[in-house]
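*Asks:* protein06.txt is reproduced in full below (compact mmCIF, C-alpha atoms).
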```txt
# COMPACT_ATOMS: atom_id res chain seq x y z
CA MET A 1457 28.02 123.04 233.44
CA LYS A 1458 28.60 120.74 236.41
CA THR A 1459 25.66 119.75 238.59
CA LEU A 1460 25.98 119.99 242.36
CA PRO A 1461 25.16 116.81 244.26
CA THR A 1462 21.77 116.68 245.92
CA GLN A 1463 22.45 114.19 248.73
CA PRO A 1464 24.34 115.37 251.84
CA GLU A 1465 26.55 112.27 251.88
CA THR A 1466 27.82 113.09 248.38
CA LEU A 1467 29.08 116.56 249.22
CA VAL A 1468 32.64 115.26 249.50
CA ASN A 1469 33.63 114.72 245.88
CA THR A 1470 35.89 116.13 243.20
CA GLU A 1471 33.17 118.46 241.86
CA LEU A 1472 33.52 120.63 244.96
CA GLN A 1473 37.31 120.62 245.14
CA ASN A 1474 39.22 123.87 245.28
CA PRO A 1475 41.76 123.66 242.42
CA HIS A 1476 44.29 125.93 244.16
CA VAL A 1477 44.66 124.52 247.70
CA SER A 1478 45.70 121.04 248.78
CA VAL A 1479 46.68 119.22 251.96
CA ASP A 1480 49.61 116.80 252.21
CA CYS A 1481 50.18 114.61 255.25
CA VAL A 1482 53.44 113.19 256.62
CA ILE A 1483 52.58 110.25 258.88
CA PHE A 1484 55.44 108.99 261.04
CA GLY A 1485 55.62 105.59 262.71
CA PHE A 1486 58.36 103.88 264.72
CA GLU A 1487 59.40 100.24 264.68
CA GLU A 1488 62.49 98.52 266.12
CA GLY A 1489 64.65 101.60 266.10
CA ASP A 1490 63.55 102.77 262.67
CA LEU A 1491 61.49 105.88 261.92
CA LYS A 1492 59.06 105.23 259.08
CA VAL A 1493 56.84 107.31 256.84
CA LEU A 1494 53.55 106.33 255.23
CA LEU A 1495 53.66 106.59 251.43
CA ILE A 1496 51.12 105.83 248.75
CA GLU A 1497 51.61 104.40 245.29
CA ARG A 1498 49.46 106.28 242.82
CA ASN A 1499 46.96 104.17 240.91
CA ILE A 1500 48.35 104.72 237.42
CA ASP A 1501 48.89 101.86 234.96
CA ASP A 1502 50.67 103.85 232.24
CA SER A 1503 54.38 102.94 232.10
CA ASP A 1504 55.22 106.65 231.61
CA PHE A 1505 54.54 107.16 235.30
CA GLN A 1506 56.90 104.50 236.63
CA SER A 1507 59.65 106.97 237.59
CA LYS A 1508 57.31 108.96 239.87
CA ARG A 1509 54.89 106.47 241.35
CA TYR A 1510 55.16 107.34 245.03
CA SER A 1511 53.95 110.29 247.08
CA LEU A 1512 52.76 111.43 250.47
CA PRO A 1513 49.01 111.10 251.08
CA GLY A 1514 47.40 114.32 249.86
CA ASN A 1515 44.74 115.87 247.67
CA LEU A 1516 42.82 119.07 247.01
CA ILE A 1517 40.60 120.46 249.75
CA ASN A 1518 36.85 120.74 249.33
CA ASP A 1519 35.33 124.22 249.27
CA ASN A 1520 33.03 123.39 252.19
CA GLU A 1521 35.86 122.22 254.50
CA ASP A 1522 38.38 123.83 256.79
CA LEU A 1523 41.97 122.61 256.51
CA ASP A 1524 41.91 120.22 259.48
CA THR A 1525 38.74 118.57 258.19
CA SER A 1526 40.30 118.19 254.75
CA ALA A 1527 43.41 116.57 256.19
CA LYS A 1528 41.34 114.02 258.12
CA ARG A 1529 39.15 113.27 255.09
CA ILE A 1530 42.09 112.86 252.73
CA LEU A 1531 43.82 110.43 255.07
CA ARG A 1532 40.63 108.45 255.47
CA GLU A 1533 40.00 108.30 251.72
CA LEU A 1534 43.55 107.40 250.68
CA THR A 1535 44.77 105.22 253.55
CA SER A 1536 41.70 104.35 255.71
CA LEU A 1537 43.43 105.97 258.74
CA GLU A 1538 41.17 107.92 261.10
CA ASN A 1539 41.30 109.74 264.44
CA LEU A 1540 44.94 110.78 264.08
CA TYR A 1541 46.63 113.64 265.85
CA LEU A 1542 47.61 116.11 263.11
CA GLN A 1543 50.01 119.02 263.48
CA GLN A 1544 50.06 121.68 260.76
CA PHE A 1545 53.67 122.73 260.19
CA TYR A 1546 54.20 124.61 256.90
CA ALA A 1547 52.76 125.76 253.57
CA PHE A 1548 54.42 125.15 250.21
CA GLY A 1549 53.72 127.58 247.38
CA ASP A 1550 56.57 127.36 244.88
CA PRO A 1551 55.03 128.21 241.47
CA ASN A 1552 57.18 125.42 239.98
CA ARG A 1553 56.08 122.59 242.24
CA VAL A 1554 55.31 120.45 239.18
CA LYS A 1555 58.80 119.71 237.90
CA SER A 1556 58.43 116.49 235.90
CA SER A 1557 56.45 115.49 232.82
CA ALA A 1558 55.20 112.41 234.68
CA ASP A 1559 53.60 114.57 237.36
CA ALA A 1560 52.07 116.86 234.73
CA GLN A 1561 50.60 113.85 232.92
CA TRP A 1562 49.20 112.48 236.14
CA LEU A 1563 47.52 115.81 236.91
CA ASN A 1564 46.00 115.81 233.43
CA ALA A 1565 44.47 112.43 234.18
CA VAL A 1566 42.97 113.22 237.60
CA ARG A 1567 42.37 116.98 237.93
CA ASP A 1568 39.62 119.10 236.42
CA VAL A 1569 42.05 122.04 236.22
CA PRO A 1570 45.46 120.35 235.85
CA THR A 1571 47.36 123.57 235.15
CA ALA A 1572 46.10 125.44 238.22
CA ARG A 1573 48.77 126.62 240.63
CA VAL A 1574 48.35 124.70 243.89
CA ILE A 1575 49.49 125.77 247.34
CA THR A 1576 49.67 122.90 249.79
CA VAL A 1577 49.30 123.06 253.56
CA ALA A 1578 51.32 120.30 255.21
CA TYR A 1579 50.60 118.30 258.36
CA TYR A 1580 52.50 115.63 260.22
CA SER A 1581 51.30 113.00 262.65
CA LEU A 1582 52.78 110.35 264.92
CA VAL A 1583 51.12 106.94 265.15
CA LYS A 1584 51.66 103.65 266.91
CA LEU A 1585 52.19 101.18 264.08
CA ASP A 1586 50.38 98.38 265.88
CA ASP A 1587 47.25 100.52 266.15
CA TYR A 1588 46.93 101.47 262.48
CA GLN A 1589 46.79 99.25 259.42
CA PRO A 1590 46.64 101.49 256.33
CA SER A 1591 44.81 100.25 253.24
CA ALA A 1592 44.78 102.10 249.95
CA ALA A 1593 41.70 103.60 248.31
CA SER A 1594 40.75 106.35 245.88
CA PHE A 1595 43.69 107.01 243.49
CA ALA A 1596 46.16 105.19 245.78
CA ARG A 1597 47.11 101.72 244.53
CA LYS A 1598 48.64 100.84 247.88
CA ALA A 1599 49.70 102.47 251.15
CA PHE A 1600 52.88 101.29 252.84
CA TRP A 1601 55.44 102.18 255.51
CA CYS A 1602 58.90 103.16 254.30
CA SER A 1603 62.05 103.79 256.37
CA ILE A 1604 63.19 107.42 256.23
CA HIS A 1605 66.56 106.01 255.17
CA GLN A 1606 65.04 104.41 252.05
CA ILE A 1607 62.74 107.14 250.74
CA PRO A 1608 62.49 106.99 246.92
CA ASP A 1609 62.17 109.94 244.56
CA LEU A 1610 58.69 111.22 245.37
CA ALA A 1611 56.17 113.11 243.27
CA PHE A 1612 56.15 116.92 243.03
CA ASP A 1613 58.04 118.50 245.97
CA HIS A 1614 57.14 115.76 248.43
CA ASN A 1615 60.77 114.99 249.31
CA GLN A 1616 61.10 118.63 250.37
CA ILE A 1617 57.86 118.42 252.37
CA LEU A 1618 59.11 115.29 254.13
CA ASP A 1619 62.46 116.92 254.98
CA SER A 1620 60.63 119.94 256.40
CA ALA A 1621 58.33 117.68 258.45
CA LEU A 1622 61.32 115.88 259.94
CA ARG A 1623 62.95 119.17 260.94
CA SER A 1624 59.68 120.31 262.52
CA LEU A 1625 59.35 116.99 264.36
CA LYS A 1626 62.87 117.29 265.79
CA ASN A 1627 62.17 120.79 267.06
CA LYS A 1628 58.84 119.73 268.58
CA LEU A 1629 60.40 116.70 270.27
CA ARG A 1630 62.73 118.97 272.24
CA VAL A 1631 59.94 121.14 273.68
CA GLU A 1632 57.00 118.73 274.06
CA PRO A 1633 56.90 115.06 275.12
CA ILE A 1634 55.43 113.81 271.85
CA GLY A 1635 57.70 110.77 271.52
CA PHE A 1636 55.17 108.74 273.49
CA GLU A 1637 52.81 108.94 270.51
CA LEU A 1638 55.10 106.49 268.69
CA LEU A 1639 55.27 103.86 271.44
CA PRO A 1640 52.89 101.25 272.83
CA LYS A 1641 50.90 102.31 275.87
CA LYS A 1642 53.40 100.45 278.08
CA PHE A 1643 57.07 100.94 277.23
CA THR A 1644 60.56 100.80 278.69
CA LEU A 1645 62.91 103.72 279.18
CA GLY A 1646 65.22 102.06 276.67
CA GLN A 1647 62.48 102.10 274.04
CA LEU A 1648 61.78 105.77 274.74
CA GLN A 1649 65.46 106.64 274.46
CA ARG A 1650 65.67 104.90 271.06
CA VAL A 1651 62.80 107.07 269.82
CA TYR A 1652 64.70 110.22 270.76
CA GLU A 1653 68.00 108.96 269.37
CA THR A 1654 66.44 107.89 266.09
CA ILE A 1655 64.55 111.12 265.45
CA LEU A 1656 67.33 113.43 266.62
CA GLY A 1657 70.03 111.40 264.88
CA THR A 1658 72.34 111.24 267.87
CA THR A 1659 73.48 108.95 270.68
CA LEU A 1660 72.34 109.94 274.17
CA ASP A 1661 73.97 109.09 277.46
CA LYS A 1662 71.76 106.47 279.11
CA ARG A 1663 72.02 107.70 282.71
CA ASN A 1664 71.64 111.36 281.74
CA PHE A 1665 68.59 110.67 279.58
CA ARG A 1666 66.85 108.65 282.26
CA ARG A 1667 67.58 111.22 284.95
CA LYS A 1668 66.14 114.02 282.84
CA ILE A 1669 63.03 112.19 281.69
CA LEU A 1670 62.21 110.87 285.17
CA ASN A 1671 62.72 114.30 286.73
CA LYS A 1672 59.91 115.61 284.52
CA ASP A 1673 57.55 113.57 286.72
CA PHE A 1674 55.00 112.62 284.08
CA LEU A 1675 56.01 108.98 283.70
CA LYS A 1676 54.07 106.42 285.69
CA PRO A 1677 56.19 103.40 286.76
CA LEU A 1678 54.26 100.14 286.57
CA GLN A 1679 54.54 96.99 288.63
CA GLU A 1680 55.23 95.13 285.39
CA LYS A 1681 58.27 94.13 283.41
CA GLN A 1682 58.92 93.13 279.82
CA LYS A 1683 57.96 89.63 278.75
CA GLY A 1684 59.55 87.30 276.25
CA VAL A 1685 62.89 89.08 275.95
CA PRO A 1686 66.30 87.29 275.82
CA HIS A 1687 67.86 89.79 278.25
CA LYS A 1688 67.12 91.12 281.71
CA ARG A 1689 63.52 92.29 281.80
CA ALA A 1690 63.12 96.07 282.13
CA ARG A 1691 60.40 97.88 284.05
CA LEU A 1692 57.47 99.22 282.06
CA PHE A 1693 56.18 102.78 282.23
CA GLU A 1694 53.15 104.74 281.01
CA PHE A 1695 52.93 108.37 280.01
CA ASP A 1696 50.61 110.17 282.44
CA GLN A 1697 48.81 112.72 280.26
CA GLU A 1698 46.80 114.17 283.14
CA ARG A 1699 49.92 114.62 285.24
CA TYR A 1700 51.69 116.32 282.34
CA GLU A 1701 48.79 118.70 281.79
CA SER A 1702 48.80 119.65 285.47
CA LEU A 1703 52.58 120.18 285.53
CA LYS A 1704 53.35 121.94 282.32
CA SER A 1705 54.22 125.60 282.52
CA GLY A 1706 56.42 126.99 279.81
CA GLN A 1707 58.21 124.50 277.62
CA PHE A 1708 59.29 120.93 278.08
CA SER A 1709 63.00 120.87 277.22
CA PHE A 1710 65.97 118.52 277.09
CA GLU A 1711 69.42 120.03 276.78
CA PHE A 1712 71.10 117.32 274.79
```
Translate this file's structure into structure tokens.
*Replies:*
Amino acid sequence: MKTLPTQPETLVNTELQNPHVSVDCVIFGFEEGDLKVLLIERNIDDSDFQSKRYSLPGNLINDNEDLDTSAKRILRELTSLENLYLQQFYAFGDPNRVKSSADAQWLNAVRDVPTARVITVAYYSLVKLDDYQPSAASFARKAFWCSIHQIPDLAFDHNQILDSALRSLKNKLRVEPIGFELLPKKFTLGQLQRVYETILGTTLDKRNFRRKILNKDFLKPLQEKQKGVPHKRARLFEFDQERYESLKSGQFSFEF
């Protein structure tokens, strides 16, 4: 029989994990026109696992946590990332989520009940890459950013989870101004347009995009321009969160 921990700080451990519910997190970042996703390499030395080494950050929830708390804890434990905006977007409950022998072997090595059916609740987040430096811990050997165009074969159904997260992100981008979460505090309209073009997978008319985004009236023009660029310096802007909150009624929408 397992003994419950006696110290409050030890309550978060595998002995209190729920074997049937997990949280997986899709963390998006943006750099030089490329949308990236945070992946972890599982800390397994056995050569049998080499074909399925990579996954999204995720783990079982603890019985004394709600889902949001679990998501924040799991990210902190596996990648050292904290204080992220997290958006829950879907649940995955296929009874055949474990499709490879490598994944089954890995579960045997790390789970108390490796054969338990697990339903995962998925979240996505948008981060400014310069603000977050992930470092691996727990069963993650390393945490790293990977272009969405170079995603390897991931563990379990994580490729499906990532595809679903990207679809959810595209839909959200059209109705809420969340693209600013991927940019520095001060940015150009050209940088903002590249975020939209990259995520939506399309080319946008420059004048039309700028007219629409400026008409929303929640961008604050600054008396500053870019520095250290080989071309004409563009004006910098900031997203005015307070202004947006005071203006919003119904949905934010671009008709691309």
*Asks:* Which residue is closest to A:Ser1556? Choose from A:Lys1528, A:Arg1509, A:Arg1597, A:Lys1584 and count all atoms listed in the file.
*Replies:*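 The answer is A:Arg1509, which sits nearest to A:Ser1556.
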*Asks:* A:Arg1623: which residues within 12 Å, counting only C-alpha atoms, same-chain residues fewer than 2 positions away excluded, as a ChimeraX atom specification?
*Replies:* /A:1545-1546,1580,1616-1621,1625-1630,1655-1657
*Asks:* Grab the atom CA of A:Asp1696 to atom CA of A:Asp1673 distance for me, in Å with one decimal place.
*Replies:*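 If I compute the distance from atom CA of A:Asp1696 to atom CA of A:Asp1673, I get 8.8 Å.
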*Asks:* To one decimal place, how far is atom CA of A:Gly1485 from atom CA of A:Lys1681 in Å?
*Replies:* 23.8 Å
*Asks:* Check the smallest atom-to-atom distance from each of A:Ser1511, A:Ser1478, A:Thr1535, A:Thr1658 to A:Ala1547 using only C-alpha atoms, then report the winner.
*Replies:*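 Using only C-alpha atoms, A:Ala1547 sits closest to A:Ser1478.
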*Asks:* So how far away is atom CA of A:Gln1647 from atom CA of A:Asp1661, in Å?
*Replies:*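 Going from atom CA of A:Asp1661 over to atom CA of A:Gln1647, I get 13.9 Å.
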*Asks:* How big is the axis-aligned box around the listed atoms of stretch 1471-1483 of chain A once 4 Å is added on each side, and where is its centre? Give both in Å to one decimal, as JSON.
*Replies:*
```
{"center_x": 43.3, "center_y": 118.1, "center_z": 250.4, "size_x": 28.3, "size_y": 23.7, "size_z": 25.0}
```
*Asks:* For A:Leu1622, which of A:Glu1533, A:Pro1608, A:Ala1565, A:Tyr1579 is the closest residue, counting only C-alpha atoms?
*Replies:*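 Using only C-alpha atoms, the shortest distance to A:Leu1622 belongs to A:Tyr1579.
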*Asks:* With a distance cut-off of 8 Å and all atoms listed in the file, select the neighbouring residues of stretch 1513-1526 of chain A, excluding the residue or stretch itself and same-chain residues fewer than 5 positions from it, and output the selection as a PDB file with C-alpha atoms, in the coordinates of the input.
*Replies:*
```
ATOM      1  CA  VAL A1468      32.640 115.260 249.500  1.00  0.00           C
ATOM      2  CA  ASN A1469      33.630 114.720 245.880  1.00  0.00           C
ATOM      3  CA  THR A1470      35.890 116.130 243.200  1.00  0.00           C
ATOM      4  CA  LEU A1472      33.520 120.630 244.960  1.00  0.00           C
ATOM      5  CA  GLN A1473      37.310 120.620 245.140  1.00  0.00           C
ATOM      6  CA  ASN A1474      39.220 123.870 245.280  1.00  0.00           C
ATOM      7  CA  PRO A1475      41.760 123.660 242.420  1.00  0.00           C
ATOM      8  CA  HIS A1476      44.290 125.930 244.160  1.00  0.00           C
ATOM      9  CA  VAL A1477      44.660 124.520 247.700  1.00  0.00           C
ATOM     10  CA  SER A1478      45.700 121.040 248.780  1.00  0.00           C
ATOM     11  CA  VAL A1479      46.680 119.220 251.960  1.00  0.00           C
ATOM     12  CA  ASP A1480      49.610 116.800 252.210  1.00  0.00           C
ATOM     13  CA  CYS A1481      50.180 114.610 255.250  1.00  0.00           C
ATOM     14  CA  VAL A1482      53.440 113.190 256.620  1.00  0.00           C
ATOM     15  CA  LEU A1494      53.550 106.330 255.230  1.00  0.00           C
ATOM     16  CA  LEU A1495      53.660 106.590 251.430  1.00  0.00           C
ATOM     17  CA  ILE A1496      51.120 105.830 248.750  1.00  0.00           C
ATOM     18  CA  LEU A1531      43.820 110.430 255.070  1.00  0.00           C
ATOM     19  CA  LEU A1534      43.550 107.400 250.680  1.00  0.00           C
ATOM     20  CA  THR A1535      44.770 105.220 253.550  1.00  0.00           C
ATOM     21  CA  LEU A1542      47.610 116.110 263.110  1.00  0.00           C
ATOM     22  CA  VAL A1577      49.300 123.060 253.560  1.00  0.00           C
TER      23      VAL A1577
END
```
*Asks:* For A:Ser1536, which of A:Val1566, A:Val1574, A:Ala1599, A:Val1583 is the closest residue, counting only C-alpha atoms?
*Replies:* A:Ala1599
*Asks:* Considering all atoms listed in the file, return as a PDB file with C-alpha atoms, keeping the file's coordinate frame whatever protein or nucleic-acid residues lie within 10 Å of A:Ser1702, sequence-local ones (same chain, fewer than 4 positions apart) excluded.
*Replies:*
```
ATOM      1  CA  PHE A1674      55.000 112.620 284.080  1.00  0.00           C
ATOM      2  CA  GLN A1697      48.810 112.720 280.260  1.00  0.00           C
ATOM      3  CA  GLU A1698      46.800 114.170 283.140  1.00  0.00           C
TER       4      GLU A1698
END
```
*Asks:* Let me make sure I understand: among A:Ile1575, A:Leu1585, A:Leu1670, A:Ala1592, which one has the smallest atom-to-atom distance to A:Val1493 if we use all atoms listed in the file?
*Replies:*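 Ranked by minimum distance to A:Val1493, first place goes to A:Leu1585.
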